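**Q** See structure.cif below, with mmCIF, C-alpha atoms and all ligand atoms.
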```cif
data_data
loop_
_atom_site.label_atom_id
_atom_site.label_comp_id
_atom_site.auth_asym_id
_atom_site.auth_seq_id
_atom_site.Cartn_x
_atom_site.Cartn_y
_atom_site.Cartn_z
CA MET A 1 4.10 9.64 30.26
CA THR A 2 6.96 12.10 30.71
CA PRO A 3 7.63 14.41 27.77
CA ASP A 4 11.16 13.05 27.37
CA ALA A 5 10.05 9.38 27.36
CA ARG A 6 12.44 7.48 25.16
CA VAL A 7 11.18 5.83 21.99
CA TYR A 8 12.47 2.40 21.01
CA ALA A 9 12.04 1.55 17.33
CA TYR A 10 11.93 -2.02 16.01
CA SER A 11 11.83 -2.84 12.34
CA ALA A 12 11.40 -5.81 10.03
CA VAL A 13 10.52 -6.45 6.41
CA LEU A 14 7.28 -8.39 6.14
CA MET A 15 4.60 -8.55 3.42
CA GLY A 16 7.22 -7.05 1.10
CA SER A 17 7.13 -3.81 3.10
CA PRO A 18 9.23 -2.27 5.83
CA ILE A 19 7.40 -2.59 9.15
CA LEU A 20 8.11 -0.26 12.03
CA LEU A 21 7.08 -0.65 15.67
CA LYS A 22 7.64 2.12 18.19
CA LEU A 23 7.41 1.47 21.92
CA PHE A 24 8.30 3.48 25.00
CA GLU A 25 10.15 0.61 26.62
CA HIS A 26 13.02 -1.57 25.53
CA ASN A 27 11.20 -4.85 24.94
CA GLU A 28 12.62 -7.01 22.20
CA SER A 29 10.52 -9.99 23.16
CA LEU A 30 7.31 -7.98 22.74
CA ALA A 31 8.56 -6.66 19.39
CA SER A 32 9.27 -10.19 18.16
CA ARG A 33 5.82 -11.32 19.24
CA VAL A 34 4.31 -8.43 17.28
CA PHE A 35 6.31 -9.32 14.16
CA ARG A 36 5.36 -12.99 14.54
CA LEU A 37 1.71 -12.00 14.81
CA ILE A 38 1.96 -9.93 11.62
CA LYS A 39 3.64 -12.80 9.76
CA GLN A 40 0.98 -15.24 10.93
CA GLN A 41 -1.79 -12.87 9.78
CA GLU A 42 -0.10 -12.32 6.44
CA ASN A 43 -0.02 -16.07 5.91
CA ILE A 44 -3.82 -16.07 6.13
CA PHE A 45 -4.54 -13.25 3.68
CA THR A 46 -1.79 -13.25 1.08
CA VAL A 47 -2.43 -14.21 -2.53
CA ASN A 48 1.29 -14.53 -3.16
CA ARG A 49 1.49 -17.92 -1.46
CA HIS A 50 -0.33 -21.05 -2.43
CA ASP A 51 -1.36 -22.23 1.02
CA SER A 52 -3.07 -19.18 2.53
CA ASP A 53 -6.75 -19.30 3.55
CA VAL A 54 -7.59 -16.84 0.80
CA MET A 55 -5.77 -18.94 -1.80
CA ALA A 56 -7.67 -22.04 -0.63
CA ILE A 57 -10.88 -20.16 -1.49
CA ASN A 58 -9.45 -19.04 -4.85
CA HIS A 59 -8.25 -22.53 -5.79
CA ALA A 60 -11.76 -23.88 -5.15
CA ALA A 61 -13.45 -21.26 -7.38
CA GLY A 62 -16.18 -22.80 -9.53
CA SER A 63 -15.86 -26.06 -7.64
CA HIS A 64 -16.69 -25.95 -3.92
CA ALA A 65 -17.09 -23.82 -0.82
CA VAL A 66 -14.22 -23.49 1.66
CA ALA A 67 -14.73 -23.12 5.41
CA VAL A 68 -12.60 -20.39 7.00
CA SER A 69 -12.04 -18.95 10.48
CA GLN A 70 -14.52 -16.41 11.84
CA PRO A 71 -12.18 -13.38 11.38
CA VAL A 72 -11.47 -14.29 7.75
CA PHE A 73 -15.18 -14.87 7.10
CA ASP A 74 -16.08 -11.53 8.71
CA LEU A 75 -13.46 -9.63 6.72
CA ILE A 76 -14.59 -11.15 3.41
CA GLN A 77 -18.23 -10.44 4.32
CA ARG A 78 -17.39 -6.78 5.00
CA ALA A 79 -15.30 -6.54 1.82
CA LYS A 80 -18.18 -7.97 -0.21
CA ALA A 81 -20.65 -5.50 1.33
CA VAL A 82 -18.34 -2.56 0.52
CA SER A 83 -17.91 -3.88 -3.02
CA LEU A 84 -21.69 -3.84 -3.48
CA LEU A 85 -22.21 -0.24 -2.33
CA PRO A 86 -23.70 1.81 -5.17
CA GLY A 87 -20.92 3.23 -7.34
CA SER A 88 -18.20 1.52 -5.28
CA CYS A 89 -14.89 1.08 -7.04
CA PHE A 90 -13.73 -1.25 -4.30
CA ASN A 91 -14.04 -4.81 -5.52
CA VAL A 92 -13.07 -7.81 -3.41
CA THR A 93 -12.99 -10.01 -6.53
CA ILE A 94 -10.55 -7.78 -8.43
CA GLY A 95 -7.93 -10.61 -8.23
CA PRO A 96 -7.93 -11.76 -11.90
CA LEU A 97 -7.34 -8.18 -13.10
CA VAL A 98 -4.63 -7.53 -10.49
CA LYS A 99 -2.86 -10.75 -11.52
CA ARG A 100 -3.10 -9.83 -15.22
CA TRP A 101 -1.54 -6.39 -14.73
CA LYS A 102 1.06 -7.60 -12.20
CA ILE A 103 1.70 -3.96 -11.25
CA GLY A 104 4.28 -3.75 -8.49
CA PHE A 105 5.63 -7.16 -9.39
CA SER A 106 6.88 -7.92 -12.88
CA GLY A 107 4.17 -6.05 -14.82
CA ASN A 108 5.44 -3.58 -17.38
CA SER A 109 3.09 -3.84 -20.33
CA VAL A 110 -0.55 -2.98 -20.95
CA PRO A 111 -2.75 -6.07 -21.25
CA ASP A 112 -4.85 -6.66 -24.32
CA ALA A 113 -8.26 -4.87 -24.08
CA GLY A 114 -10.11 -8.09 -24.95
CA ASP A 115 -8.29 -9.95 -22.15
CA LEU A 116 -9.34 -7.29 -19.66
CA ARG A 117 -12.95 -7.41 -20.83
CA ALA A 118 -13.02 -11.19 -20.41
CA LEU A 119 -11.56 -10.91 -16.91
CA ILE A 120 -14.13 -8.32 -15.82
CA ALA A 121 -16.72 -11.10 -16.17
CA LEU A 122 -14.91 -12.85 -13.31
CA THR A 123 -15.12 -9.88 -10.95
CA ASP A 124 -18.76 -9.72 -9.88
CA PRO A 125 -18.90 -9.51 -6.05
CA ASN A 126 -22.40 -11.07 -6.20
CA ASP A 127 -20.65 -14.29 -7.19
CA VAL A 128 -19.05 -14.54 -3.74
CA ILE A 129 -21.41 -16.81 -1.83
CA LEU A 130 -21.12 -16.60 1.93
CA ASP A 131 -22.70 -19.13 4.27
CA GLU A 132 -22.74 -18.03 7.90
CA THR A 133 -23.77 -21.40 9.28
CA THR A 134 -20.79 -23.25 7.80
CA ARG A 135 -18.58 -20.09 7.78
CA SER A 136 -17.73 -20.91 4.20
CA VAL A 137 -16.92 -18.93 1.09
CA PHE A 138 -17.69 -20.09 -2.44
CA LEU A 139 -16.64 -18.30 -5.62
CA GLN A 140 -19.26 -19.28 -8.17
CA LYS A 141 -17.17 -19.06 -11.33
CA ALA A 142 -13.95 -20.90 -12.10
CA GLY A 143 -11.11 -18.39 -12.45
CA MET A 144 -12.51 -15.97 -9.85
CA GLU A 145 -10.07 -14.68 -7.23
CA ILE A 146 -10.56 -12.76 -4.02
CA ASP A 147 -7.90 -10.10 -3.42
CA LEU A 148 -7.72 -8.49 0.01
CA GLY A 149 -4.52 -6.58 -0.85
CA ALA A 150 -6.26 -3.25 -0.40
CA ILE A 151 -7.39 -3.96 3.17
CA ALA A 152 -5.25 -6.71 4.72
CA LYS A 153 -2.71 -4.29 6.16
CA GLY A 154 -5.42 -2.18 7.77
CA TYR A 155 -7.00 -5.26 9.29
CA ILE A 156 -3.62 -6.49 10.56
CA ALA A 157 -2.72 -3.04 11.99
CA ASP A 158 -5.87 -3.24 14.12
CA VAL A 159 -5.02 -6.81 15.20
CA VAL A 160 -1.61 -5.51 16.35
CA ARG A 161 -3.22 -2.59 18.20
CA ASP A 162 -5.63 -4.96 20.00
CA PHE A 163 -2.76 -7.30 20.88
CA LEU A 164 -0.72 -4.42 22.35
CA HIS A 165 -3.76 -3.26 24.36
CA ARG A 166 -4.07 -6.74 25.81
CA GLU A 167 -0.38 -6.55 26.71
CA LYS A 168 -1.22 -3.33 28.63
CA VAL A 169 0.77 -1.14 26.24
CA GLU A 170 -0.79 2.33 26.22
CA HIS A 171 1.50 4.23 23.86
CA ALA A 172 2.84 2.72 20.66
CA LEU A 173 2.89 3.07 16.90
CA ILE A 174 2.83 0.42 14.21
CA ASN A 175 3.55 1.27 10.60
CA LEU A 176 2.79 -1.48 8.09
CA GLY A 177 4.22 0.25 5.04
CA GLY A 178 1.64 3.01 4.56
CA ASN A 179 -0.85 1.92 7.21
CA VAL A 180 -0.10 3.59 10.51
CA GLN A 181 -2.01 2.75 13.68
CA THR A 182 -1.27 4.53 16.95
CA LEU A 183 -2.02 3.70 20.58
CA GLY A 184 -2.33 6.76 22.78
CA ALA A 185 -0.02 9.71 22.28
CA GLY A 186 3.61 9.89 21.22
CA GLY A 187 6.32 11.03 23.65
CA ASP A 188 5.51 14.69 23.99
CA GLY A 189 1.95 14.84 22.65
CA ASP A 190 0.47 13.66 19.38
CA TRP A 191 2.25 11.23 17.12
CA ALA A 192 3.64 13.02 14.07
CA ILE A 193 2.92 11.04 10.90
CA GLY A 194 4.57 12.18 7.69
CA LEU A 195 2.44 12.73 4.58
CA LYS A 196 4.64 11.78 1.65
CA LYS A 197 5.22 14.02 -1.30
CA PRO A 198 4.01 12.04 -4.35
CA PHE A 199 6.67 10.88 -6.84
CA SER A 200 9.51 12.18 -4.64
CA ALA A 201 12.18 10.64 -2.44
CA PRO A 202 10.64 8.38 0.22
CA ASP A 203 11.57 10.78 3.04
CA SER A 204 10.28 13.84 1.20
CA LEU A 205 7.15 15.13 2.95
CA MET A 206 4.26 17.47 2.18
CA GLY A 207 3.49 17.87 5.84
CA VAL A 208 2.90 16.23 9.17
CA ILE A 209 -0.36 14.78 10.47
CA ASN A 210 -0.59 14.91 14.27
CA VAL A 211 -2.81 12.27 15.89
CA THR A 212 -3.40 10.45 19.16
CA GLY A 213 -4.88 6.95 19.17
CA LYS A 214 -5.87 7.11 15.50
CA SER A 215 -5.06 5.29 12.30
CA VAL A 216 -3.58 7.10 9.31
CA VAL A 217 -3.77 5.26 5.97
CA THR A 218 -2.59 6.56 2.62
CA SER A 219 -3.28 5.09 -0.77
CA GLY A 220 -1.51 6.71 -3.66
CA ILE A 221 -0.91 6.08 -7.32
CA TYR A 222 2.81 6.74 -6.78
CA GLU A 223 3.26 3.66 -4.60
CA ARG A 224 3.38 1.01 -7.28
CA TYR A 225 3.28 1.74 -10.98
CA PHE A 226 5.07 1.33 -14.29
CA GLU A 227 5.47 3.64 -17.26
CA HIS A 228 4.82 2.66 -20.85
CA HIS A 229 4.91 4.97 -23.89
CA GLY A 230 4.92 8.01 -21.60
CA ARG A 231 1.86 6.90 -19.62
CA ARG A 232 1.81 5.86 -16.02
CA TYR A 233 -0.10 2.72 -14.97
CA HIS A 234 -0.64 2.35 -11.22
CA HIS A 235 -1.94 -0.40 -8.95
CA ILE A 236 -5.47 0.76 -8.04
CA LEU A 237 -7.77 -0.59 -10.72
CA ASP A 238 -11.19 0.56 -11.83
CA PRO A 239 -13.36 -2.57 -11.71
CA LYS A 240 -15.66 -1.16 -14.38
CA THR A 241 -12.98 -0.63 -17.03
CA GLY A 242 -10.23 -3.00 -15.92
CA TYR A 243 -7.69 -0.15 -16.23
CA PRO A 244 -6.03 1.89 -13.46
CA LEU A 245 -8.39 4.48 -11.97
CA ASP A 246 -7.94 7.77 -13.69
CA ASN A 247 -9.06 10.99 -12.02
CA GLU A 248 -7.69 14.19 -10.48
CA LEU A 249 -6.13 12.42 -7.49
CA LEU A 250 -2.59 11.49 -6.57
CA SER A 251 -3.36 10.20 -3.10
CA VAL A 252 -6.03 9.85 -0.45
CA THR A 253 -5.21 9.69 3.25
CA VAL A 254 -7.84 8.64 5.78
CA ILE A 255 -7.73 9.37 9.51
CA SER A 256 -10.03 7.08 11.53
CA ASP A 257 -10.14 4.97 14.68
CA ASP A 258 -9.75 1.64 12.92
CA SER A 259 -7.16 1.09 10.24
CA ILE A 260 -9.49 -1.31 8.39
CA ASP A 261 -11.83 1.65 7.87
CA GLY A 262 -8.92 3.75 6.68
CA ASP A 263 -8.00 1.07 4.18
CA ILE A 264 -11.54 0.60 2.88
CA TYR A 265 -12.26 4.33 2.63
CA THR A 266 -9.00 5.26 0.90
CA THR A 267 -9.95 2.96 -2.00
CA LEU A 268 -13.64 3.97 -1.99
CA LEU A 269 -12.86 7.69 -1.92
CA TYR A 270 -10.16 7.28 -4.52
CA GLY A 271 -12.78 6.02 -6.91
CA MET A 272 -15.26 8.78 -6.04
CA GLY A 273 -12.89 11.69 -6.56
CA VAL A 274 -12.73 14.79 -4.38
CA GLU A 275 -16.12 16.39 -4.96
CA LYS A 276 -18.29 13.32 -4.34
CA SER A 277 -16.09 12.22 -1.43
CA LEU A 278 -16.56 15.51 0.41
CA VAL A 279 -20.34 15.12 0.23
CA TYR A 280 -20.22 11.40 1.04
CA LEU A 281 -18.08 11.89 4.15
CA GLN A 282 -20.57 14.26 5.74
CA GLN A 283 -22.46 11.20 7.00
CA PHE A 284 -19.34 9.74 8.67
CA PRO A 285 -17.94 12.29 11.14
CA ASN A 286 -15.29 9.84 12.39
CA ILE A 287 -13.80 9.27 8.96
CA GLU A 288 -11.69 12.19 7.73
CA ALA A 289 -9.71 12.45 4.54
CA ILE A 290 -6.86 14.41 3.01
CA PHE A 291 -6.80 14.50 -0.79
CA VAL A 292 -3.72 15.40 -2.79
CA THR A 293 -4.57 16.28 -6.37
CA LYS A 294 -2.49 16.12 -9.54
CA ASP A 295 -2.32 19.92 -9.50
CA HIS A 296 -0.81 19.72 -5.99
CA GLN A 297 -3.76 20.94 -3.98
CA VAL A 298 -4.19 19.49 -0.49
CA ILE A 299 -7.89 19.26 0.39
CA PHE A 300 -9.33 18.28 3.79
CA SER A 301 -12.81 16.86 4.36
CA SER A 302 -12.65 18.13 7.96
CA GLN A 303 -10.02 18.32 10.72
CA ARG A 304 -11.57 17.15 13.95
CA GLN A 305 -9.29 14.30 14.96
CA PHE A 306 -5.94 15.61 13.73
CA THR A 307 -3.93 18.69 12.89
CA PHE A 308 -1.87 19.12 9.76
CA VAL A 309 1.34 21.10 9.56
CA PRO A 310 2.57 21.76 6.00
CA LEU A 311 6.27 21.17 5.67
CA GLU A 312 7.93 23.12 2.92
CA ASN A 313 11.33 21.91 3.97
CA SER A 314 10.77 18.20 3.79
CA ASP A 315 13.98 16.95 5.34
CA ARG A 316 12.54 16.21 8.77
CA THR A 317 12.25 12.62 9.87
CA VAL A 318 8.92 11.93 11.45
CA TYR A 319 6.34 9.35 12.42
P1 LIG B 401 -3.54 -0.13 -1.30
O1 LIG B 401 -2.05 -0.28 -1.36
O2 LIG B 401 -4.11 -0.27 0.07
O3 LIG B 401 -4.02 1.09 -2.00
O4 LIG B 401 -4.16 -1.37 -2.08
C1 LIG B 401 -3.76 -1.64 -3.39
C2 LIG B 401 -4.02 -3.09 -3.68
O5 LIG B 401 -5.43 -3.35 -3.68
C3 LIG B 401 -3.58 -3.51 -5.08
O6 LIG B 401 -2.24 -3.89 -5.09
C4 LIG B 401 -4.52 -4.68 -5.37
O7 LIG B 401 -4.06 -5.87 -4.73
C5 LIG B 401 -5.80 -4.27 -4.69
N1 LIG B 401 -6.73 -3.53 -5.58
C6 LIG B 401 -6.48 -2.85 -6.73
N2 LIG B 401 -7.59 -2.29 -7.22
C7 LIG B 401 -8.59 -2.61 -6.35
C8 LIG B 401 -9.99 -2.34 -6.30
N3 LIG B 401 -10.60 -1.62 -7.24
N4 LIG B 401 -10.71 -2.85 -5.27
C9 LIG B 401 -10.12 -3.59 -4.31
N5 LIG B 401 -8.80 -3.88 -4.30
C10 LIG B 401 -8.04 -3.40 -5.30
MG MG B 402 -5.70 0.23 1.16
#
```
Once you've parsed the file, please lay out its structure as structure tokens.
**A**
Amino acid sequence: MTPDARVYAYSAVLMGSPILLKLFEHNESLASRVFRLIKQQENIFTVNRHDSDVMAINHAAGSHAVAVSQPVFDLIQRAKAVSLLPGSCFNVTIGPLVKRWKIGFSGNSVPDAGDLRALIALTDPNDVILDETTRSVFLQKAGMEIDLGAIAKGYIADVVRDFLHREKVEHALINLGGNVQTLGAGGDGDWAIGLKKPFSAPDSLMGVINVTGKSVVTSGIYERYFEHHGRRYHHILDPKTGYPLDNELLSVTVISDDSIDGDIYTTLLYGMGVEKSLVYLQQFPNIEAIFVTKDHQVIFSSQRQFTFVPLENSDRTVY
């Protein structure tokens, strides 16, 4: 690709988030096919519609198993496995707690402690029964709900990447509101992905992450939250307590090949905190993380697949 290759940006609002597609050719028909693909995927995974595959499983909780497509089955199987890792704060059955808090939707009050305790009983990942032969999912207790909100975007970003590869696109970027997946390099080298400054204007950046052919996923407590009596309640919940996770972190960014990994690890690492995460990640050389702490430190697990340029003057527009 020539260094001055022109970028064409296409945008839409899907899944309640702004979606951005960058190509190096003017191809509106390809862009619409990408957006249609995203919409179709969202319709499978959302819990904000009554007729999605995931909602069919949730509606049948305590009653019967529901057969799903192979990709949905595989994603739920992986999400269950991650939920059962020792000490994991990722929980695929977090749905009843998420619904109760309604953070990011209409939620603006702290639920009753007894309510939360009762709901925790409905969030045991062991109660998700998977049958490979019938490709079916059964939630053993009435009231249980699967929630793939933490990983659906990562999964869909990879589906888009694979679709673009099949279309012979070598250089592109898809941003699903916080989940960025890149194909190849940007115009004149790496893609420059902005790392947002927590609790600041949306275009205010801490720095730029430069990557080629990698996914960059950020999960932060400044994305969706409400304030009540001077306390902030955000959207990543601790399955053990039923309350928002509370540690030294403001955000975790993961750089990896697959965006589904980025999405899983951001939540897992969030729950572990910086110290444990740094040890944990030593076994996974292809998963790298950037932690931003409440006292504004930026900590890297390693920097093999990307470079980071701090940006004091945060007015630059990137991605
Ligand atoms: P993300 O924006 O990727 O950080 O995902 C946040 C979303 O994940 C929330 O809005 C919930 O739908 C869901 N969620 C919250 N807490 C958890 C948890 N402990 N495990 C799995 N999913 C969660
Ligand atoms: Mg996530």
**Q** For A:Gln181, which of A:Lys22, A:His296, A:Val68, A:Gly220 is the closest residue, counting all atoms listed in the file?
**A**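 Nearest to A:Gln181: A:Lys22.
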**Q** Pick the closest to ligand MG 402 (chain B) from A:Ser301, A:Thr293, A:Ser219, A:Thr212: which is it, counting only C-alpha atoms and all ligand atoms?
**A**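 Between A:Ser301, A:Thr293, A:Ser219, A:Thr212, the residue approaching ligand MG 402 (chain B) most closely is A:Ser219.
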**Q** Using all atoms listed in the file, which residues have at least one atom no more than 7 Å from ligand LIG 401 (chain B)? Output them as a PDB file with C-alpha atoms, in the coordinates of the input.
**A**
```
ATOM      1  CA  CYS A  89     -14.890   1.080  -7.040  1.00  0.00           C
ATOM      2  CA  PHE A  90     -13.730  -1.250  -4.300  1.00  0.00           C
ATOM      3  CA  ASN A  91     -14.040  -4.810  -5.520  1.00  0.00           C
ATOM      4  CA  VAL A  92     -13.070  -7.810  -3.410  1.00  0.00           C
ATOM      5  CA  ILE A  94     -10.550  -7.780  -8.430  1.00  0.00           C
ATOM      6  CA  VAL A  98      -4.630  -7.530 -10.490  1.00  0.00           C
ATOM      7  CA  ASP A 147      -7.900 -10.100  -3.420  1.00  0.00           C
ATOM      8  CA  LEU A 148      -7.720  -8.490   0.010  1.00  0.00           C
ATOM      9  CA  GLY A 149      -4.520  -6.580  -0.850  1.00  0.00           C
ATOM     10  CA  ALA A 150      -6.260  -3.250  -0.400  1.00  0.00           C
ATOM     11  CA  ILE A 151      -7.390  -3.960   3.170  1.00  0.00           C
ATOM     12  CA  SER A 219      -3.280   5.090  -0.770  1.00  0.00           C
ATOM     13  CA  GLY A 220      -1.510   6.710  -3.660  1.00  0.00           C
ATOM     14  CA  HIS A 235      -1.940  -0.400  -8.950  1.00  0.00           C
ATOM     15  CA  ILE A 236      -5.470   0.760  -8.040  1.00  0.00           C
ATOM     16  CA  LEU A 237      -7.770  -0.590 -10.720  1.00  0.00           C
ATOM     17  CA  ASP A 238     -11.190   0.560 -11.830  1.00  0.00           C
ATOM     18  CA  PRO A 239     -13.360  -2.570 -11.710  1.00  0.00           C
ATOM     19  CA  ASP A 263      -8.000   1.070   4.180  1.00  0.00           C
ATOM     20  CA  THR A 267      -9.950   2.960  -2.000  1.00  0.00           C
TER      21      THR A 267
END
```
**Q** Quick check, in Å to one decimal: how far apart do atom CA of A:Asn48 and atom CA of A:Val160 lie?
**A**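 We find that atom CA of A:Asn48 and atom CA of A:Val160 lie 21.7 Å from each other.
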**Q** Atom CA of A:Val309 and atom CA of A:Ala152 are how many Å apart?
**A**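 Computing the Euclidean distance for atom CA of A:Val309 and atom CA of A:Ala152 yields 29.0 Å.
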**Q** Considering all atoms listed in the file, return as a list in words whatever protein or nucleic-acid residues lie within 12 Å of A:Gln297, sequence-local ones (same chain, fewer than 2 positions apart) excluded.
**A**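 Everything that qualifies: Lys197, Pro198, Met206, Glu248, Leu249, Leu250, Ser251, Val252, Val274, Ile290, Phe291, Val292, Thr293, Lys294, Asp295, Ile299, Phe300 and Pro310 of chain A.
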**Q** Env of A:Glu132: 10 Å cut, atoms = all atoms listed in the file, seq-sep filter 4 positions within chain, self excluded. Answer as a list of chain:residue names.
**A**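 Answer for this query is A:Ala67, A:Gln70, A:Phe73, A:Asp74, A:Gln77, A:Ser136, A:Val137.
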**Q** Taking into account only C-alpha atoms and all ligand atoms, which residue in the set A:Ser259, A:Gln283, A:Thr134, A:Ser302 is nearest to ligand MG 402 (chain B)?
**A** A:Ser259
**Q** Expressed in Å to a single decimal, how great is the separation between atom CA of A:Val54 and atom CA of A:Asp131?
**A**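 Calculated distance between atom CA of A:Val54 and atom CA of A:Asp131 is 15.7 Å.
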**Q** Skipping near chain neighbours, those fewer than 3 positions away, what residues fall within 12 Å of A:Leu85 using all atoms listed in the file, listed as a list of chain:residue names?
**A** A:Arg78, A:Ala79, A:Lys80, A:Ala81, A:Val82, A:Ser88, A:Cys89, A:Phe90, A:Asn91, A:Val92, A:Pro125, A:Asn126, A:Ile264, A:Leu268, A:Met272
**Q** Which of these residues is nearest to A:Gly186, using only C-alpha atoms: A:Asn210, A:Ser17, A:Thr218, A:Asn286?
**A**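 Of the candidates, the smallest distance to A:Gly186 is held by A:Asn210.
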**Q** Taking all atoms of stretch 145-149 of chain A that the file lists, what box with edges along x, y and z, padded by 4 Å per side, do you get, with centre and edge lengths in Å to one decimal, as lines of an AutoDock Vina configuration file?
**A**
```
center_x = -7.5
center_y = -10.6
center_z = -3.6
size_x = 14.0
size_y = 16.1
size_z = 15.2
```
**Q** Mind checking which residues fall within 7 Å of A:Ile255, counting only C-alpha atoms, ignoring those fewer than 4 positions away in the same chain, and posting them as a PyMOL selection string?
**A** chain A and resi 214-217+262+287-289
**Q** Using all atoms listed in the file, which of A:Leu23, A:Ala5, A:Leu14, A:Ala201 sits nearest A:Ile174?
**A**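 Distance minimum relative to A:Ile174 lands on A:Leu23.
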**Q** So which one's closest to A:Arg224, A:Trp101, A:Tyr265, A:Leu20, A:Gln40? Using all atoms listed in the file, please.
**A**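 Residue with the minimum atom-to-atom distance to A:Arg224: A:Trp101.
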